[in-house]
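File shown: final.pdb. Contents: PDB, C-alpha atoms.
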```pdb
ATOM      1  CA  MET A  37      73.093 -55.630  38.642
ATOM      2  CA  THR A  38      73.685 -53.160  35.851
ATOM      3  CA  CYS A  39      71.187 -51.560  33.506
ATOM      4  CA  LYS A  40      72.931 -53.529  30.743
ATOM      5  CA  ASP A  41      71.799 -56.751  32.467
ATOM      6  CA  ILE A  42      68.220 -55.500  32.383
ATOM      7  CA  TYR A  43      68.628 -54.533  28.728
ATOM      8  CA  ARG A  44      69.896 -58.040  27.921
ATOM      9  CA  ASN A  45      66.922 -59.563  29.747
ATOM     10  CA  ALA A  46      64.609 -57.373  27.662
ATOM     11  CA  LEU A  47      66.298 -58.612  24.488
ATOM     12  CA  ALA A  48      65.822 -62.192  25.684
ATOM     13  CA  ILE A  49      62.114 -61.545  26.284
ATOM     14  CA  LEU A  50      61.873 -60.265  22.714
ATOM     15  CA  ALA A  51      64.009 -63.144  21.365
ATOM     16  CA  GLU A  52      66.371 -60.577  19.844
ATOM     17  CA  SER A  53      70.056 -60.981  19.181
ATOM     18  CA  MET A  54      72.417 -59.982  21.972
ATOM     19  CA  VAL A  55      75.355 -59.512  19.632
ATOM     20  CA  GLN A  56      76.805 -56.009  19.894
ATOM     21  CA  GLY A  57      75.555 -53.882  17.001
ATOM     22  CA  ASP A  58      72.609 -56.075  16.000
ATOM     23  CA  ASN A  59      70.066 -53.877  17.780
ATOM     24  CA  GLU A  60      71.554 -50.388  17.652
ATOM     25  CA  ASP A  61      68.132 -48.711  17.753
ATOM     26  CA  PHE A  62      67.133 -50.637  20.879
ATOM     27  CA  GLU A  63      70.450 -49.928  22.567
ATOM     28  CA  GLU A  64      70.147 -46.235  21.762
ATOM     29  CA  ARG A  65      66.627 -45.940  23.198
ATOM     30  CA  ALA A  66      67.078 -48.192  26.251
ATOM     31  CA  PRO A  67      68.797 -45.621  28.547
ATOM     32  CA  PHE A  68      65.915 -43.179  28.072
ATOM     33  CA  LEU A  69      63.262 -45.835  28.652
ATOM     34  CA  LEU A  70      65.008 -47.150  31.772
ATOM     35  CA  ALA A  71      65.228 -43.601  33.125
ATOM     36  CA  ASN A  72      61.487 -43.243  32.595
ATOM     37  CA  PHE A  73      60.837 -46.542  34.392
ATOM     38  CA  CYS A  74      63.036 -45.602  37.349
ATOM     39  CA  THR A  75      61.518 -42.125  37.615
ATOM     40  CA  GLU A  76      57.986 -43.527  37.644
ATOM     41  CA  LEU A  77      58.833 -46.086  40.335
ATOM     42  CA  PHE A  78      61.168 -44.004  42.489
ATOM     43  CA  ASP A  79      58.457 -43.348  45.105
ATOM     44  CA  ARG A  80      57.553 -47.031  45.313
ATOM     45  CA  ASP A  81      61.218 -47.917  45.607
ATOM     46  CA  SER A  82      61.565 -45.394  48.452
ATOM     47  CA  ALA A  83      58.538 -46.864  50.231
ATOM     48  CA  MET A  84      59.934 -50.376  49.840
ATOM     49  CA  ARG A  85      63.334 -49.271  51.169
ATOM     50  CA  HIS A  86      61.632 -47.634  54.156
ATOM     51  CA  PHE A  87      59.652 -50.817  54.807
ATOM     52  CA  LEU A  88      62.831 -52.933  54.587
ATOM     53  CA  GLY A  89      64.855 -50.512  56.733
ATOM     54  CA  GLU A  90      67.336 -49.806  53.940
ATOM     55  CA  THR A  91      68.915 -46.490  53.052
ATOM     56  CA  GLN A  92      67.048 -44.387  50.542
ATOM     57  CA  GLY A  93      68.175 -44.420  46.938
ATOM     58  CA  GLU A  94      69.892 -41.418  45.460
ATOM     59  CA  GLU A  95      68.083 -39.009  43.175
ATOM     60  CA  LEU A  96      68.512 -40.079  39.594
ATOM     61  CA  ASP A  97      68.616 -38.521  36.168
ATOM     62  CA  SER A  98      65.044 -38.609  34.936
ATOM     63  CA  ALA A  99      66.067 -38.460  31.279
ATOM     64  CA  PHE A 100      68.990 -40.850  30.802
ATOM     65  CA  ILE A 101      70.577 -43.718  32.723
ATOM     66  CA  PRO A 102      73.678 -45.201  31.047
ATOM     67  CA  LEU A 103      73.486 -48.950  30.464
ATOM     68  CA  GLU A 104      76.854 -49.355  32.176
ATOM     69  CA  SER A 105      75.562 -47.906  35.453
ATOM     70  CA  GLU A 106      74.150 -49.863  38.362
ATOM     71  CA  PHE A 107      70.384 -50.292  38.362
ATOM     72  CA  PRO A 108      69.290 -47.527  40.777
ATOM     73  CA  LEU A 109      66.222 -49.260  42.232
ATOM     74  CA  LEU A 110      66.009 -52.336  44.436
ATOM     75  CA  ALA A 111      66.778 -55.597  42.625
ATOM     76  CA  ARG A 112      63.183 -56.783  43.124
ATOM     77  CA  PHE A 113      62.142 -54.176  40.515
ATOM     78  CA  ALA A 114      64.566 -55.547  37.892
ATOM     79  CA  PRO A 115      62.246 -58.184  36.351
ATOM     80  CA  ALA A 116      59.536 -55.559  35.911
ATOM     81  CA  ALA A 117      62.100 -53.189  34.396
ATOM     82  CA  ALA A 118      63.093 -55.795  31.801
ATOM     83  CA  ILE A 119      59.457 -56.459  30.871
ATOM     84  CA  TYR A 120      58.709 -52.718  30.691
ATOM     85  CA  LEU A 121      61.774 -52.119  28.552
ATOM     86  CA  ALA A 122      60.852 -54.948  26.192
ATOM     87  CA  ALA A 123      57.299 -53.603  25.868
ATOM     88  CA  MET A 124      58.455 -50.073  25.129
ATOM     89  CA  LEU A 125      61.126 -51.134  22.640
ATOM     90  CA  ILE A 126      58.534 -52.825  20.412
ATOM     91  CA  ALA A 127      55.605 -50.448  20.998
ATOM     92  CA  ASP A 128      55.717 -49.063  17.452
ATOM     93  CA  ASP A 129      56.460 -52.339  15.681
ATOM     94  CA  ASN A 130      54.133 -54.883  17.295
ATOM     95  CA  GLN A 131      51.197 -53.322  19.139
ATOM     96  CA  GLU A 132      49.609 -56.634  20.144
ATOM     97  CA  PHE A 133      52.808 -58.009  21.727
ATOM     98  CA  HIS A 134      53.463 -54.607  23.310
ATOM     99  CA  GLU A 135      50.049 -54.705  25.013
ATOM    100  CA  LYS A 136      50.639 -58.235  26.322
ATOM    101  CA  LEU A 137      54.031 -57.295  27.703
ATOM    102  CA  TYR A 138      52.708 -54.075  29.223
ATOM    103  CA  GLU A 139      49.940 -56.008  30.973
ATOM    104  CA  ARG A 140      52.551 -58.463  32.276
ATOM    105  CA  TYR A 141      54.639 -55.496  33.490
ATOM    106  CA  CYS A 142      51.620 -54.076  35.364
ATOM    107  CA  ASP A 143      50.962 -57.452  37.003
ATOM    108  CA  THR A 144      54.617 -57.775  37.992
ATOM    109  CA  ILE A 145      54.717 -54.303  39.558
ATOM    110  CA  ALA A 146      51.477 -54.989  41.426
ATOM    111  CA  SER A 147      52.972 -58.196  42.787
ATOM    112  CA  VAL A 148      56.130 -56.435  43.963
ATOM    113  CA  CYS A 149      54.265 -53.499  45.474
ATOM    114  CA  GLU A 150      51.684 -55.561  47.340
ATOM    115  CA  ASN A 151      54.474 -56.363  49.797
ATOM    116  CA  ILE A 152      54.842 -52.711  50.792
ATOM    117  CA  SER A 153      53.071 -52.263  54.085
ATOM    118  CA  ALA A 154      50.963 -49.229  54.838
ATOM    119  CA  ILE A 155      52.488 -46.453  56.890
ATOM    120  CA  SER A 156      50.337 -44.851  59.551
ATOM    121  CA  GLU A 157      50.704 -41.080  59.690
ATOM    122  CA  LYS A 158      48.866 -38.298  61.425
ATOM    123  CA  ILE A 159      46.089 -36.750  59.343
ATOM    124  CA  LEU A 160      46.196 -32.990  58.981
ATOM    125  CA  ASN A 161      42.919 -31.098  59.116
ATOM    126  CA  ARG A 162      43.002 -28.258  56.630
ATOM    127  CA  TYR A 163      40.083 -26.298  55.370
ATOM    128  CA  PHE A 164      40.228 -23.946  52.441
ATOM    129  CA  TYR A 165      37.713 -21.194  51.961
ATOM    130  CA  ASP A 166      37.114 -19.260  48.809
TER     131      ASP A 166
END
```

As a first step, turn the structure in this file into structure tokens.
Amino acid sequence: MTCKDIYRNALAILAESMVQGDNEDFEERAPFLLANFCTELFDRDSAMRHFLGETQGEELDSAFIPLESEFPLLARFAPAAAIYLAAMLIADDNQEFHEKLYERYCDTIASVCENISAISEKILNRYFYD
């Protein structure tokens, strides 16, 4: 799945045209917003990969992810990415719809992440004195 697929899903959520050139502003901002999404969820993606026994994802550019590139997180994060992208693309234009979409994004991420099991690790005892 490419980032362009996620971008198209975001346009569908917003009921926007998918014709090339109709949403130049959205298309220009999408790579930056997707990079923000992926950066914020990189740790959760790593935990999920560990839980599933998959190889860890590669470090990614935290500022820009081209729409033509492969989505760098697990596919289970893609629906949340589309909702997040849709919410962020309309944040300035329709605050009420933005808030509804952002709440839906939060619920979707919570649903995905509730399947990550806890990892038991040794607790370090450290005391700091002034």

Edge lengths and centre in Å to one decimal, as AutoDock Vina command-line options, is what I'm after for the box along x, y and z that holds all listed atoms of stretch 64-79 of chain A once 8 Å is added on each side.
```
--center_x 64.1 --center_y -45.2 --center_z 33.4 --size_x 28.2 --size_y 22.1 --size_z 39.3
```

- Convert the output of the PyMOL selection byres ((chain A and resi 125-131) around 12) on the shown file into explicit residues, formatted as a VMD selection string. chain A and resid 43 46 to 47 49 to 52 59 to 70 117 to 124 132 to 138

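Comparing A:Ser82, A:Ala99, A:Leu77, A:Leu109 by their smallest distance to A:Ala146, the closest is A:Leu77 (using all atoms listed in the file).
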
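Take atom CA of A:Gln92 and atom CA of A:Cys149: the distance between them is 16.5 Å.
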
- Query: Rounded to one decimal in Å, what is the spacing between atom CA of A:Phe78 and atom CA of A:Leu103?
  - Reply: 17.9 Å

- Task: Run the PyMOL selection byres ((chain A and resi 104-108) around 10) mentally over the shown coordinates, then write out the matched residues as a PyMOL selection string, using the chain letters and numbers from the document.
- Result: chain A and resi 37-42+67+70-71+74-75+78+81+93-96+101-103+109-111+113-114+117

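Our summary of the geometry notes that atom CA of A:Ser98 is positioned 6.3 Å from atom CA of A:Asn72.
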
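Nearest to A:Phe100 of all the residues A:Phe73, A:Ala48, A:Ser147, A:Asp58 is A:Phe73, counting all atoms listed in the file.
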
- Note on the structure: Using all atoms listed in the file, the residue out of A:Tyr141, A:Val148, A:Thr91, A:Ala83 with shortest distance to A:Arg112 is A:Val148
